[in-house]
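Here's the structure, in structure tokens; my notes come after.
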Amino acid sequence: MTKRIFRSIVLSSVAVLLASTALIMGVLYEYFTARLETELATETGYIAQGVIAQGETYLRSLKPGNSRITWVDSDGSVLYDNREDASAMENHAGREEIRQAMESGTGTSSRYSDTLSQQAIYYAQRLSDNTVLRVSSQKYTVWVLLLQVLQPAMFILLAALILGLFLASRLSQKIIRPINALDLQHPEEGECYDELAPLLGRIRSQNEVIGRQMEELRRRQKEFTAITENMSEGFLIVDRNTNILSYNSAALRLLEAQAPDGVSILTLNRSWAVRSAVESALDGQRCEQRMEKDGRVEQLIANPVREGEQVAGAVLVILDVTEKEQRETLRREFTANVSHELKTPLTSILGTAEIIENGMVKSEDVGHFAGNIRKETQRLIDMVGDIIKLSRLDEGDSGAKWEEVELLALSRSVARQLSDAARRAQVSFQVEGEDAAVPGVGQIVEEMLYNLCDNAVAYNHPGGSVTVEVRKEAGGARVTVSDTGAGIPKDQQSRIFERFYRVDKSRSSKGTGLGLSIVKHGALYLGASVEVESEVGRGSTFTLHFKG
């Protein structure tokens with residue numbers, strides 16, 4: 001900073017010195033020019049008196065000097081010139097100063113003289129006989145003046161520069177001394193410039209902020225320790241030599257190890273899963289391993305810790321996934337149960353078909369048996385389709401692309417699909433509202449609306465109604481499906497979205513029992529939500545809230 005201040009002072013001094021020199025030269029130039037014009041006018045007046053009295057004889061008697069004297073006749077011809085042969089000179093009637101003198105008595109001009117090969121200033125005066133006397137002198141340019149004073153000016157500039165360097169050095173050190181003496185931890189203590197008060201105030205405020213941040217970091221460290229010590233997941237941090245740097249008690253519990261003291265993690269657990277995960281992480285690759293022991297299943301996740309391009313260590317997270325594995329087992333059991341449920345009616349259908357095929361059914365009963373086969377088969381197909389849909393939603397893979405879904409148009413399409421069923425059930429169907437488009441998967445949204453509307457028709461009573469309303473709302477849109485059916489008891493409303501759960505067991509043949517489950521999982525997949533309001537004997541209202 002001292003160098004910058006020193007450099008700034010020197011540059012400023014030099015700039016001021018050069019500007020002052022230029023200003024002085026300009027003032028001197030103007031002064032000498034005005035002085036020269038005055039002297040020429042005076043000199044011309046004196047010579048004019050001699051010319052009037054003695055004529056050319058007086059002019060020839062004058063001693064040669066710096067001034068050039070020219071006597072011009074009234075027609076512009078040169079009568080006399082002390083520098084050149086008058087007879088050889090051109091007519092001067094067109095010269096500016098001569099023309100002014102003939103018109104007004106005197107005239108001045110300044111121009112480059114081809115004769116003298118230099119800049120000259122001219123003064124002309126008309127005499128009583130209408131001749132014109134002109135006197136001229138060399139006019140020094142700024143550069144000539146500068147060259148004339150160059151030598152003394154150089155000494156002055158050099159002395160001023162040396163003095164400026166000395167003063168700038170002392171001044172910059174004096175300016176920076178109080179700043180170097182500042183105590184940044186306690187900037188309010190000590191003396192400094194008033195101009196630095198805002199900066200010192202900000203430093204003081206910054207110190208306070210840093211202090212609060214350090215305190216906050218310590219508090220968060222305590223919170224982090226408290227959280228990690230009470231979390232069920234275990235974690236360990238190891239360096240590149242597999243030595244344990246940090247751990248929590250859950251890790252020791254899951255590994256069934258004692259508290260380590262700067263030892264290698266391989267001394268805590270020598271299993272292949274631990275060795276493989278640590279080695280892969282220290283090689284720069286993420287690794288997951290599965291460990292089973294005493295009926296428990298643990299998942300080990302190891303991630304490398306990098307410093308730039310180098311691997312400095314690894315972080316290991318140990319998860320107890322026993323419950324997850326159990327849920328997966330339950331899911332597999334569910335699949336097996338569904339398969340069994342599907343197999344039983346299929347066996348019945350197959351047996352009925354064989355009876356018909358063997359001619360053991362009367363001809364008038366064939367249609368009845370065939371109709372039962374068709375209905376059961378269709379029901380089974382619907383059940384399989386719904387199970388497949390639920391499975392895809394559970395896995396987060398609907399098999400379709402996201403797009404803008406127009407809810408009102410889609411609701412009207414669903415109403416057209418259910419128009420025959422509504423007419424058979426003697427239920428009126430109405431769609432109302434406004435256009436509202438939301439991002440989603442059209443196939444899933446259609447399935448959700450279809451299942452809600454299908455239930456509203458199936459569980460309604462003759463003469464009842466179903467109303468679908470589409471409205472925009474803050475952040476998206478909502479679709480409300482209302483019916484005038486039997487309603488759902490309060491104690492069962494929390495279970496209606498379970499798979500295969502039915503409120504009215506007597507109407508089990510109306511569907512697969514998976515419709516509302518598809519609605520719930522479809523909403524989860526799309527980031528939407530579903531609400532239900534129902535009162536026994538007064539109908540139900542299902543509301544889907546979609547994000548815009």
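Labels for the structure tokens follow display order: chains A, B, ..., residues from 1 in each chain, ligands from 1.
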
Note to self: I want to know what sits within 6 Å of range 314-320 of chain A, based on only C-alpha atoms, with residues of the same chain fewer than 2 positions away left out; could you give that as number ranges by chain?
What the structure shows: A: 233-238, 281, 298-305, 322

Selection from above, C-alpha atoms, as a short mmCIF file (atom, residue, chain, number, x, y, z; two decimals), in the first residue's frame, can you write it?
```cif
data_model
loop_
_atom_site.label_atom_id
_atom_site.label_comp_id
_atom_site.auth_asym_id
_atom_site.auth_seq_id
_atom_site.Cartn_x
_atom_site.Cartn_y
_atom_site.Cartn_z
CA GLU A 233 -27.63 -45.28 11.33
CA GLY A 234 -23.94 -45.67 11.92
CA PHE A 235 -21.17 -43.74 10.20
CA LEU A 236 -17.39 -43.79 10.23
CA ILE A 237 -14.79 -41.57 8.62
CA VAL A 238 -11.45 -43.16 7.73
CA ALA A 281 -13.97 -46.13 -1.67
CA GLU A 298 -27.28 -54.34 7.18
CA GLN A 299 -26.41 -52.22 4.19
CA LEU A 300 -22.94 -50.68 4.03
CA ILE A 301 -22.44 -47.61 1.80
CA ALA A 302 -18.90 -46.27 1.26
CA ASN A 303 -18.11 -43.00 -0.54
CA PRO A 304 -14.65 -41.54 -1.28
CA VAL A 305 -13.60 -38.21 0.23
CA THR A 322 -33.86 -55.58 8.37
#
```

Next item on the list: For Ala415 in chain A, please output as number ranges by chain all residues within 12 Å (counting only C-alpha atoms; exclusion window: fewer than 6 positions along the same chain).
Entry: A: 408-409, 421-423, 427-432, 446, 449-454, 456-457, 466-469, 481

Take the residues from that selection and put them in a file with C-alpha atoms, as a CSV table (one decimal), in the first residue's frame.
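Done, and the output landed in again.csv:
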```csv
chain,number,residue,atom,x,y,z
A,408,LEU,CA,-61.6,-30.3,-18.1
A,409,ALA,CA,-61.3,-32.0,-21.5
A,421,ALA,CA,-72.8,-47.4,-17.2
A,422,ALA,CA,-74.4,-44.3,-15.7
A,423,ARG,CA,-77.5,-44.7,-17.9
A,427,VAL,CA,-77.4,-41.9,-12.5
A,428,SER,CA,-77.0,-38.5,-14.0
A,429,PHE,CA,-73.5,-37.4,-14.9
A,430,GLN,CA,-72.4,-33.7,-15.1
A,431,VAL,CA,-69.0,-32.1,-15.8
A,432,GLU,CA,-68.5,-28.4,-15.1
A,446,GLU,CA,-57.2,-40.4,-16.8
A,449,LEU,CA,-60.4,-39.8,-12.8
A,450,TYR,CA,-61.9,-42.9,-14.3
A,451,ASN,CA,-61.7,-44.9,-11.0
A,452,LEU,CA,-63.2,-42.1,-8.9
A,453,CYS,CA,-66.0,-41.6,-11.4
A,454,ASP,CA,-66.6,-45.3,-11.8
A,456,ALA,CA,-69.2,-42.7,-7.9
A,457,VAL,CA,-71.5,-44.4,-10.4
A,466,VAL,CA,-72.3,-37.6,-10.1
A,467,THR,CA,-70.7,-34.1,-10.5
A,468,VAL,CA,-67.2,-33.5,-11.7
A,469,GLU,CA,-65.9,-29.9,-11.2
A,481,VAL,CA,-65.8,-35.8,-7.9
```

Write out as a compact mmCIF listing (two decimals) with all heavy atoms, in the first residue's frame each polymer residue whose atoms come within 9 Å of Glu256 in chain A, counting only C-alpha atoms; drop sequence neighbours fewer than 3 positions from it.
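New file out02.txt:
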```txt
# COMPACT_ATOMS: atom_id res chain seq x y z
N ALA A 251 -22.49 -46.95 14.90
CA ALA A 251 -21.61 -47.74 14.05
C ALA A 251 -20.98 -48.89 14.84
O ALA A 251 -20.88 -50.02 14.35
CB ALA A 251 -20.52 -46.85 13.46
N LEU A 252 -20.55 -48.59 16.07
CA LEU A 252 -19.97 -49.64 16.89
C LEU A 252 -21.02 -50.69 17.24
O LEU A 252 -20.72 -51.90 17.27
CB LEU A 252 -19.39 -49.03 18.17
CG LEU A 252 -18.29 -47.97 17.99
CD1 LEU A 252 -17.81 -47.48 19.34
CD2 LEU A 252 -17.14 -48.52 17.16
N ARG A 253 -22.24 -50.22 17.50
CA ARG A 253 -23.30 -51.17 17.83
C ARG A 253 -23.60 -52.08 16.65
O ARG A 253 -23.75 -53.30 16.81
CB ARG A 253 -24.55 -50.41 18.26
CG ARG A 253 -25.77 -51.29 18.51
CD ARG A 253 -26.92 -50.46 19.04
NE ARG A 253 -27.20 -49.31 18.20
CZ ARG A 253 -27.91 -49.36 17.07
NH1 ARG A 253 -28.38 -50.54 16.64
NH2 ARG A 253 -28.15 -48.27 16.39
N LEU A 268 -11.80 -53.66 13.44
CA LEU A 268 -13.12 -53.74 14.06
C LEU A 268 -13.96 -54.82 13.41
O LEU A 268 -14.73 -55.52 14.08
CB LEU A 268 -13.85 -52.40 13.94
CG LEU A 268 -13.21 -51.19 14.63
CD1 LEU A 268 -14.11 -49.98 14.46
CD2 LEU A 268 -12.97 -51.47 16.11
N ASN A 269 -13.84 -54.94 12.11
CA ASN A 269 -14.65 -55.92 11.39
C ASN A 269 -13.85 -56.40 10.19
O ASN A 269 -13.48 -55.62 9.31
CB ASN A 269 -15.97 -55.28 10.94
CG ASN A 269 -16.95 -56.30 10.42
OD1 ASN A 269 -16.68 -57.02 9.47
ND2 ASN A 269 -18.12 -56.36 11.05
```

Next item on the list: Can you work out which one of A:Ser534, A:Leu161, A:Asn243, A:Gly476 has the shortest atom-to-atom distance to Val16 in chain A, counting only C-alpha atoms?
Entry: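 Closest residue, counting only C-alpha atoms: A:Leu161.
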
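CA of Leu544 in chain A sits 6.6 Å away from CA of Glu531 in chain A.
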
Find the residues near Gly50 in chain A: any atom within 12 Å, counting only C-alpha atoms, skip ones fewer than 4 places away on the same chain, and give them as an mmCIF file with N, CA and C atoms, in the first residue's frame.
```cif
data_model
loop_
_atom_site.group_PDB
_atom_site.id
_atom_site.type_symbol
_atom_site.label_atom_id
_atom_site.label_comp_id
_atom_site.auth_asym_id
_atom_site.auth_seq_id
_atom_site.Cartn_x
_atom_site.Cartn_y
_atom_site.Cartn_z
ATOM 1 N N GLU A 43 7.249 51.481 -32.917
ATOM 2 C CA GLU A 43 8.369 51.637 -33.855
ATOM 3 C C GLU A 43 7.889 52.183 -35.200
ATOM 4 N N THR A 44 6.722 51.689 -35.671
ATOM 5 C CA THR A 44 6.193 52.154 -36.954
ATOM 6 C C THR A 44 5.863 53.654 -36.894
ATOM 7 N N GLY A 45 5.346 54.105 -35.747
ATOM 8 C CA GLY A 45 5.029 55.525 -35.607
ATOM 9 C C GLY A 45 6.260 56.401 -35.694
ATOM 10 N N TYR A 46 7.339 55.974 -35.045
ATOM 11 C CA TYR A 46 8.572 56.744 -35.092
ATOM 12 C C TYR A 46 9.130 56.813 -36.517
ATOM 13 N N GLN A 54 11.798 63.029 -44.471
ATOM 14 C CA GLN A 54 12.943 62.870 -45.339
ATOM 15 C C GLN A 54 12.749 61.846 -46.462
ATOM 16 N N GLY A 55 11.670 61.068 -46.388
ATOM 17 C CA GLY A 55 11.410 60.109 -47.449
ATOM 18 C C GLY A 55 12.333 58.915 -47.372
ATOM 19 N N GLU A 56 12.729 58.416 -48.533
ATOM 20 C CA GLU A 56 13.525 57.197 -48.585
ATOM 21 C C GLU A 56 14.908 57.406 -47.994
ATOM 22 N N THR A 57 15.364 58.640 -48.010
ATOM 23 C CA THR A 57 16.687 58.931 -47.447
ATOM 24 C C THR A 57 16.726 58.559 -45.975
ATOM 25 N N TYR A 58 15.653 58.806 -45.276
ATOM 26 C CA TYR A 58 15.597 58.470 -43.848
ATOM 27 C C TYR A 58 15.631 56.953 -43.641
ATOM 28 N N LEU A 59 14.924 56.282 -44.548
ATOM 29 C CA LEU A 59 14.895 54.833 -44.398
ATOM 30 C C LEU A 59 16.270 54.224 -44.617
ATOM 31 N N ARG A 60 16.997 54.747 -45.569
ATOM 32 C CA ARG A 60 18.331 54.192 -45.854
ATOM 33 C C ARG A 60 19.327 54.527 -44.760
ATOM 34 N N SER A 61 19.024 55.569 -44.030
ATOM 35 C CA SER A 61 19.944 55.972 -42.963
ATOM 36 C C SER A 61 19.792 55.105 -41.710
ATOM 37 N N LEU A 62 18.688 54.318 -41.677
ATOM 38 C CA LEU A 62 18.480 53.486 -40.501
ATOM 39 C C LEU A 62 19.433 52.298 -40.521
ATOM 40 N N LEU A 127 0.403 56.725 -44.481
ATOM 41 C CA LEU A 127 0.985 58.047 -44.300
ATOM 42 C C LEU A 127 0.083 59.100 -44.948
ATOM 43 N N LEU A 133 3.496 52.459 -44.716
ATOM 44 C CA LEU A 133 4.738 52.007 -44.106
ATOM 45 C C LEU A 133 4.425 50.754 -43.278
#
```

Check: Among range 250-297 of chain A, which residues carry a DSSP assignment of strand (DSSP E), reported as a ChimeraX atom specification?
Finding: /A:287-293,296-297
